[in-house]
file input36.txt (compact mmCIF, C-alpha atoms and all ligand atoms)
# COMPACT_ATOMS: atom_id res chain seq x y z
CA MET F 1 71.05 153.52 147.47
CA SER F 2 74.05 152.25 149.34
CA LEU F 3 77.62 151.16 148.81
CA LYS F 4 78.63 147.55 148.45
CA TYR F 5 79.90 146.09 151.69
CA PHE F 6 82.03 142.99 152.17
CA LYS F 7 82.06 141.19 155.51
CA THR F 8 85.48 141.42 157.15
CA PRO F 9 87.48 138.92 159.21
CA ILE F 10 89.06 139.23 162.65
CA GLN F 11 92.64 138.01 162.67
CA GLU F 12 94.58 136.91 165.74
CA LEU F 13 98.17 138.16 165.97
CA LYS F 14 100.19 135.54 167.76
CA SER F 15 103.59 135.94 169.32
CA GLN F 16 105.52 134.52 172.25
CA GLU F 17 105.80 138.02 173.65
CA PHE F 18 102.04 138.42 173.90
CA GLU F 19 101.88 135.09 175.74
CA GLN F 20 104.61 136.24 178.05
CA PHE F 21 102.70 139.42 178.90
CA GLY F 22 99.44 137.49 179.25
CA VAL F 23 97.46 139.27 176.53
CA ARG F 24 95.66 138.20 173.38
CA VAL F 25 95.74 140.49 170.36
CA TYR F 26 93.26 140.56 167.50
CA ILE F 27 92.79 142.87 164.57
CA LYS F 28 89.48 143.61 162.85
CA ARG F 29 90.40 143.76 159.17
CA GLU F 30 87.94 146.50 158.24
CA ASP F 31 90.39 147.52 155.51
CA LEU F 32 88.82 144.66 153.53
CA ASN F 33 85.24 145.99 153.62
CA HIS F 34 85.41 147.51 150.14
CA PRO F 35 88.17 147.62 147.52
CA PHE F 36 88.17 151.44 147.26
CA VAL F 37 85.91 152.96 149.92
CA SER F 38 87.85 151.16 152.58
CA GLY F 39 88.01 150.98 156.36
CA ASN F 40 86.60 153.77 158.47
CA LYS F 41 85.91 155.90 155.40
CA TRP F 42 83.12 153.52 154.36
CA TRP F 43 81.37 154.03 157.71
CA LYS F 44 82.00 157.76 157.74
CA LEU F 45 80.43 158.12 154.31
CA LYS F 46 77.48 155.78 154.82
CA TYR F 47 74.96 158.25 156.31
CA ASN F 48 76.39 161.20 154.42
CA LEU F 49 75.60 159.41 151.16
CA GLN F 50 72.15 158.44 152.39
CA GLU F 51 71.41 162.00 153.43
CA ALA F 52 72.68 163.46 150.16
CA SER F 53 70.46 161.12 148.20
CA ARG F 54 67.45 161.64 150.48
CA MET F 55 67.73 165.38 149.94
CA GLY F 56 68.06 164.94 146.20
CA TYR F 57 71.62 166.18 145.76
CA GLN F 58 73.48 165.12 142.60
CA THR F 59 76.87 166.51 143.60
CA LEU F 60 79.21 165.96 146.54
CA ILE F 61 81.95 168.40 147.45
CA THR F 62 84.74 167.65 149.85
CA PHE F 63 88.27 168.71 150.82
CA GLY F 64 91.63 167.09 151.34
CA GLY F 65 95.36 166.95 150.78
CA ALA F 66 96.94 165.38 147.69
CA TYR F 67 97.32 161.95 149.34
CA SER F 68 94.01 161.97 151.20
CA ASN F 69 92.29 158.62 151.82
CA HIS F 70 89.06 160.56 152.21
CA ILE F 71 89.33 162.15 148.73
CA PHE F 72 90.07 158.73 147.25
CA ALA F 73 87.13 157.10 149.06
CA THR F 74 84.67 159.89 148.25
CA ALA F 75 85.55 159.76 144.54
CA ALA F 76 84.99 155.98 144.49
CA ALA F 77 81.75 156.19 146.48
CA ALA F 78 80.27 158.95 144.29
CA ASN F 79 81.17 156.96 141.20
CA GLU F 80 79.54 153.78 142.51
CA LEU F 81 76.33 155.63 143.36
CA GLY F 82 76.19 157.72 140.19
CA LEU F 83 76.81 161.06 141.90
CA LYS F 84 79.03 163.86 140.70
CA SER F 85 81.98 164.68 142.94
CA ILE F 86 84.23 167.70 143.35
CA GLY F 87 87.45 167.60 145.37
CA ILE F 88 88.97 170.81 146.69
CA ILE F 89 92.66 170.01 147.06
CA ARG F 90 95.08 171.80 149.37
CA GLY F 91 98.11 173.34 147.64
CA GLU F 92 99.21 173.73 144.06
CA GLU F 93 98.60 171.28 141.29
CA THR F 94 101.66 169.18 140.47
CA LEU F 95 101.73 167.23 137.23
CA PRO F 96 101.66 164.39 136.64
CA CYS F 97 99.09 163.74 139.36
CA ASN F 98 100.02 161.26 142.08
CA ALA F 99 98.23 157.90 142.23
CA THR F 100 95.57 159.11 144.69
CA LEU F 101 94.50 162.06 142.57
CA SER F 102 94.79 160.20 139.26
CA TYR F 103 92.44 157.60 140.68
CA ALA F 104 90.02 160.28 141.88
CA LYS F 105 90.00 161.88 138.43
CA GLU F 106 89.52 158.53 136.77
CA LYS F 107 86.43 158.05 138.94
CA GLY F 108 85.09 161.33 137.60
CA MET F 109 86.01 163.63 140.47
CA GLU F 110 86.65 167.21 139.39
CA LEU F 111 89.68 168.60 141.19
CA TYR F 112 90.20 172.21 142.20
CA TYR F 113 93.41 173.36 143.82
CA ILE F 114 93.48 176.13 146.38
CA SER F 115 96.39 177.69 148.24
CA ARG F 116 97.14 176.58 151.78
CA GLU F 117 96.05 179.98 152.99
CA VAL F 118 92.65 179.83 151.31
CA TYR F 119 92.35 176.18 152.37
CA ARG F 120 92.66 177.14 156.01
CA LYS F 121 89.49 179.25 155.70
CA LYS F 122 87.57 176.64 153.68
CA ALA F 123 84.86 176.05 156.29
CA ALA F 124 84.02 179.76 156.71
CA ALA F 125 80.60 180.90 155.50
CA ALA F 126 82.11 183.19 152.86
CA SER F 127 84.18 180.33 151.42
CA ILE F 128 81.16 178.03 151.22
CA GLN F 129 79.18 180.77 149.53
CA SER F 130 81.82 181.26 146.89
CA LEU F 131 81.80 177.50 146.25
CA GLN F 132 78.03 177.70 145.77
CA GLU F 133 78.43 180.52 143.29
CA LYS F 134 80.95 178.47 141.38
CA PHE F 135 79.40 174.98 141.51
CA GLY F 136 75.68 175.45 142.24
CA LYS F 137 73.82 173.06 144.55
CA PHE F 138 75.94 170.48 146.36
CA PHE F 139 76.11 168.32 149.47
CA LEU F 140 79.18 169.27 151.47
CA ILE F 141 81.24 166.73 153.33
CA PRO F 142 83.91 168.29 155.57
CA GLU F 143 87.64 167.55 155.42
CA GLY F 144 88.37 163.99 156.51
CA GLY F 145 84.62 163.35 156.34
CA THR F 146 84.01 164.09 160.00
CA ASN F 147 80.53 165.29 160.92
CA GLU F 148 77.58 164.01 162.93
CA LEU F 149 76.52 161.59 160.20
CA ALA F 150 80.04 160.14 160.07
CA VAL F 151 80.09 159.65 163.84
CA ARG F 152 76.73 157.90 163.60
CA GLY F 153 78.04 155.47 160.97
CA CYS F 154 81.07 154.57 163.08
CA SER F 155 78.87 154.10 166.13
CA GLU F 156 76.74 151.60 164.24
CA PHE F 157 79.88 149.71 163.23
CA ALA F 158 81.08 149.64 166.86
CA SER F 159 77.82 148.13 168.15
CA ALA F 160 78.01 145.36 165.58
CA LEU F 161 81.68 144.73 166.35
CA GLU F 162 80.97 144.25 170.04
CA LYS F 163 78.52 141.46 169.18
CA GLU F 164 81.13 139.76 167.04
CA ILE F 165 84.01 139.42 169.53
CA ASP F 166 84.63 139.77 173.24
CA PHE F 167 87.41 142.22 174.13
CA ASN F 168 88.61 144.60 176.85
CA TYR F 169 90.42 147.23 174.80
CA LEU F 170 89.77 148.69 171.38
CA CYS F 171 92.78 150.45 169.82
CA LEU F 172 92.62 152.59 166.70
CA SER F 173 94.37 155.38 164.87
CA VAL F 174 93.10 158.97 165.14
CA GLY F 175 93.24 161.79 162.60
CA THR F 176 90.34 164.21 163.05
CA GLY F 177 88.75 162.07 165.79
CA GLY F 178 85.44 161.40 164.07
CA THR F 179 85.95 157.65 163.89
CA ILE F 180 86.97 157.17 167.51
CA ALA F 181 84.07 159.35 168.67
CA GLY F 182 81.63 157.02 166.93
CA MET F 183 83.38 153.93 168.27
CA ILE F 184 83.19 155.31 171.83
CA ASN F 185 79.49 156.09 171.43
CA GLY F 186 78.65 152.68 170.01
CA LEU F 187 80.43 150.50 172.59
CA THR F 188 79.15 149.62 176.05
CA ASP F 189 80.83 151.32 179.02
CA GLN F 190 82.95 148.28 179.97
CA LYS F 191 85.08 148.59 176.87
CA LYS F 192 88.12 150.82 177.06
CA VAL F 193 88.99 152.72 173.87
CA ILE F 194 92.52 153.94 173.15
CA GLY F 195 93.14 156.29 170.23
CA PHE F 196 96.63 156.77 168.82
CA SER F 197 97.21 160.23 167.39
CA SER F 198 98.80 160.25 163.95
CA LEU F 199 99.54 163.96 164.41
CA LYS F 200 102.21 165.64 166.43
CA GLY F 201 100.80 167.86 169.17
CA GLY F 202 97.57 165.88 169.23
CA ASP F 203 96.66 167.05 172.71
CA PHE F 204 93.83 169.18 171.32
CA LEU F 205 92.17 166.02 169.99
CA SER F 206 90.53 165.05 173.28
CA ASP F 207 88.55 168.31 173.43
CA GLU F 208 87.62 167.94 169.77
CA ILE F 209 86.45 164.35 170.33
CA LYS F 210 84.41 165.39 173.38
CA THR F 211 82.25 167.57 171.14
CA TRP F 212 81.08 164.38 169.35
CA VAL F 213 80.99 161.94 172.27
CA THR F 214 78.04 161.18 174.55
CA PRO F 215 79.05 162.96 177.83
CA THR F 216 78.49 159.86 179.99
CA LYS F 217 81.18 157.98 178.04
CA ILE F 218 84.46 158.37 179.87
CA ASN F 219 86.25 155.08 179.26
CA TRP F 220 88.60 156.36 176.55
CA THR F 221 91.94 158.09 176.13
CA ILE F 222 94.17 159.55 173.41
CA ASN F 223 97.80 158.49 173.33
CA THR F 224 100.05 161.07 171.67
CA ASP F 225 103.40 159.25 171.99
CA TYR F 226 103.54 157.45 168.64
CA HIS F 227 103.30 160.13 165.92
CA PHE F 228 106.83 159.43 164.55
CA GLY F 229 107.54 163.11 163.92
CA GLY F 230 104.07 164.16 162.79
CA TYR F 231 101.30 163.60 160.29
CA ALA F 232 102.52 161.67 157.20
CA LYS F 233 106.06 161.65 158.66
CA SER F 234 107.81 158.33 158.91
CA THR F 235 111.08 156.75 159.99
CA VAL F 236 113.30 153.93 158.77
CA ALA F 237 112.26 151.91 161.82
CA LEU F 238 108.55 152.38 161.04
CA LYS F 239 109.09 151.30 157.44
CA SER F 240 110.86 148.13 158.52
CA PHE F 241 108.12 147.47 161.09
CA ILE F 242 105.61 147.54 158.21
CA GLN F 243 107.73 144.98 156.30
CA GLU F 244 107.98 142.80 159.38
CA MET F 245 104.21 142.86 160.02
CA LYS F 246 103.62 141.84 156.45
CA ALA F 247 106.11 138.99 156.63
CA THR F 248 105.25 137.59 160.05
CA HIS F 249 101.49 138.23 160.27
CA GLN F 250 100.47 138.76 156.62
CA LEU F 251 99.23 142.11 157.88
CA PRO F 252 99.48 145.07 155.47
CA LEU F 253 99.68 148.45 157.22
CA ASP F 254 99.97 152.05 156.02
CA GLU F 255 102.60 154.51 157.22
CA VAL F 256 100.30 157.41 158.02
CA TYR F 257 97.85 155.76 160.40
CA THR F 258 97.64 152.07 161.13
CA ALA F 259 101.35 151.20 161.42
CA LYS F 260 101.85 153.86 164.10
CA MET F 261 98.91 152.52 166.09
CA VAL F 262 100.04 148.88 165.88
CA TRP F 263 103.59 149.85 166.86
CA GLY F 264 102.18 151.81 169.79
CA VAL F 265 100.10 148.88 171.02
CA PHE F 266 103.06 146.47 170.76
CA ASP F 267 105.22 148.92 172.67
CA LEU F 268 102.61 149.39 175.41
CA ILE F 269 102.28 145.60 175.77
CA GLN F 270 106.02 145.39 176.44
CA LYS F 271 105.69 148.19 178.98
CA ASN F 272 103.05 146.17 180.83
CA TYR F 273 100.36 148.76 180.16
CA PHE F 274 97.63 146.13 179.72
CA LYS F 275 96.41 143.97 182.60
CA ARG F 276 97.26 140.27 182.28
CA GLY F 277 94.40 138.35 180.76
CA SER F 278 93.30 141.29 178.60
CA ILE F 279 91.94 140.86 175.12
CA ILE F 280 93.12 143.72 172.92
CA LEU F 281 91.27 144.38 169.69
CA LEU F 282 92.94 146.57 167.07
CA LEU F 283 90.93 148.23 164.33
CA HIS F 284 92.41 148.26 160.84
CA THR F 285 90.93 151.48 159.46
CA GLY F 286 92.27 150.94 155.91
CA GLY F 287 94.34 153.59 154.18
CA LEU F 288 96.32 151.12 152.10
CA GLN F 289 95.75 153.14 148.92
CA GLY F 290 98.39 155.51 150.29
CA ASN F 291 101.02 152.75 149.95
CA TYR F 292 100.63 152.75 146.19
C1 LIG F 301 91.12 158.88 157.80
C2 LIG F 301 91.82 157.76 158.51
C3 LIG F 301 91.94 157.72 159.91
C4 LIG F 301 91.50 158.84 160.79
O1 LIG F 301 90.12 158.89 160.97
P1 LIG F 301 89.48 160.12 161.77
O2 LIG F 301 88.03 159.85 161.78
O3 LIG F 301 89.80 161.36 161.00
O4 LIG F 301 90.09 160.17 163.12
C5 LIG F 301 92.53 156.61 160.49
N1 LIG F 301 93.01 155.60 159.73
C6 LIG F 301 92.94 155.62 158.38
C7 LIG F 301 93.53 154.50 157.63
C8 LIG F 301 92.34 156.69 157.73
O5 LIG F 301 92.28 156.70 156.38

call {"tool": "encode", "arguments": {"input": "input36.txt", "output": "structure tokens"}}
result
Amino acid sequence: MSLKYFKTPIQELKSQEFEQFGVRVYIKREDLNHPFVSGNKWWKLKYNLQEASRMGYQTLITFGGAYSNHIFATAAAANELGLKSIGIIRGEETLPCNATLSYAKEKGMELYYISREVYRKKAAAASIQSLQEKFGKFFLIPEGGTNELAVRGCSEFASALEKEIDFNYLCLSVGTGGTIAGMINGLTDQKKVIGFSSLKGGDFLSDEIKTWVTPTKINWTINTDYHFGGYAKSTVALKSFIQEMKATHQLPLDEVYTAKMVWGVFDLIQKNYFKRGSIILLLHTGGLQGNY
């Protein structure tokens, strides 16, 4: 029992500037791996779905904000595999539902809204117990989908990616850090991994990521300079960057994650951060549902 998967291309981004700085830039279009369970969320869910089915669970429960890519992906995945899904949503219900939540509902996800205060304590034993009293037996996937099974899925993806293309740097966007942890674990030690925090004050992320990463892996870093004011915050300049990427490279990006990372990489290239001759591989982690 597994999700459909579509093989994804690697696209070269060409510009005179990259030539001038002596680097080549590619992007792995993992956003195209599935129409609805897209990008990193596919890999984060893979082993969670397998485990849920192996253990005989019929229902998935997970958590997220009203625009969450993870809620969207989990609803689609559960629907494809014939599982029931319940989404615990942060904050009050606003009607009509936004596109993300309407889609989740359409895919059969039951939505429950909890206050921000209660949401903060969602992972506590007492909160889980009250969910069990309310919903019965379920397989729980944490907020953003990050757990050991998610890290394992991303690690598998990273190993396969390394066989597909030669590169020196892998750059990707970071939210909870689960995806980058898996990528670090799955790549050989020669590859350098750079994560771009989509959150403001993302300095705590490195310690969080270390809890998932094989201790011998040290060739990675988290850049916290390109959050554009914080999670889900944007600027006029970022919006026009997205338009420009679409027009010049036919590359669709989302405001919350991937656009900030691509901007960050372009900026670092101009600051001579990368050694001449480097091959820089960007990872498109998806998230385009948020644009609609
Ligand atoms: C969820 C998400 C991320 C962040 O992944 P983490 O594993 O939480 O770090 C990055 N990019 C996109 C498009 C996402 O939807």

call {"tool": "residues_near_ligand", "arguments": {"input": "input36.txt", "ligand": "ligand LIG 301 (chain F)", "cutoff": "6 Å", "atoms": "all atoms listed in the file", "output": "ChimeraX atom specification"}}
result
/F:69,144,173-179,257-258,285-287

call {"tool": "write_last_selection", "arguments": {"input": "input36.txt", "atoms": "C-alpha atoms", "output": "mmCIF file, in the coordinates of the input"}}
result
data_model
loop_
_atom_site.group_PDB
_atom_site.id
_atom_site.type_symbol
_atom_site.label_atom_id
_atom_site.label_comp_id
_atom_site.auth_asym_id
_atom_site.auth_seq_id
_atom_site.Cartn_x
_atom_site.Cartn_y
_atom_site.Cartn_z
ATOM 1 C CA ASN F 69 92.290 158.620 151.820
ATOM 2 C CA GLY F 144 88.370 163.990 156.510
ATOM 3 C CA SER F 173 94.370 155.380 164.870
ATOM 4 C CA VAL F 174 93.100 158.970 165.140
ATOM 5 C CA GLY F 175 93.240 161.790 162.600
ATOM 6 C CA THR F 176 90.340 164.210 163.050
ATOM 7 C CA GLY F 177 88.750 162.070 165.790
ATOM 8 C CA GLY F 178 85.440 161.400 164.070
ATOM 9 C CA THR F 179 85.950 157.650 163.890
ATOM 10 C CA TYR F 257 97.850 155.760 160.400
ATOM 11 C CA THR F 258 97.640 152.070 161.130
ATOM 12 C CA THR F 285 90.930 151.480 159.460
ATOM 13 C CA GLY F 286 92.270 150.940 155.910
ATOM 14 C CA GLY F 287 94.340 153.590 154.180
#

call {"tool": "closest_residue", "arguments": {"input": "input36.txt", "among": "F:Leu281, F:Ala126, F:Val262, F:Leu45", "to": "F:Lys191", "atoms": "only C-alpha atoms"}}
result
F:Leu281

call {"tool": "closest_atom_pairs", "arguments": {"input": "input36.txt", "of": "stretch 20-123 of chain F", "to": "stretch 230-250 of chain F", "cutoff": "12 Å", "atoms": "only C-alpha atoms", "output": "Markdown table"}}
result
| residue | atom | partner | partner_atom | distance |
| --- | --- | --- | --- | --- |
| F:Val25 | CA | F:His249 | CA | 11.8 |
| F:Tyr26 | CA | F:His249 | CA | 11.2 |
| F:Ile27 | CA | F:His249 | CA | 10.8 |
| F:Arg29 | CA | F:Gln250 | CA | 11.5 |
| F:Gly65 | CA | F:Ala232 | CA | 11.0 |
| F:Ala66 | CA | F:Ala232 | CA | 11.6 |
| F:Tyr67 | CA | F:Ala232 | CA | 9.4 |
| F:Ser68 | CA | F:Ala232 | CA | 10.4 |
| F:Asn69 | CA | F:Ala232 | CA | 12.0 |

call {"tool": "closest_residue", "arguments": {"input": "input36.txt", "among": "F:Lys84, F:His227, F:Lys7, F:Lys137", "to": "F:Lys28", "atoms": "all atoms listed in the file"}}
result
F:Lys7

call {"tool": "residues_around", "arguments": {"input": "input36.txt", "residues": "stretch 88-101 of chain F", "least_positions_apart": "3", "cutoff": "6 Å", "atoms": "only C-alpha atoms", "output": "list of chain:residue names"}}
result
F:Phe63, F:Gly64, F:Gly65, F:Tyr67, F:Ala104, F:Leu111, F:Tyr112, F:Tyr113, F:Ile114, F:Ser115, F:Arg116, F:Tyr119
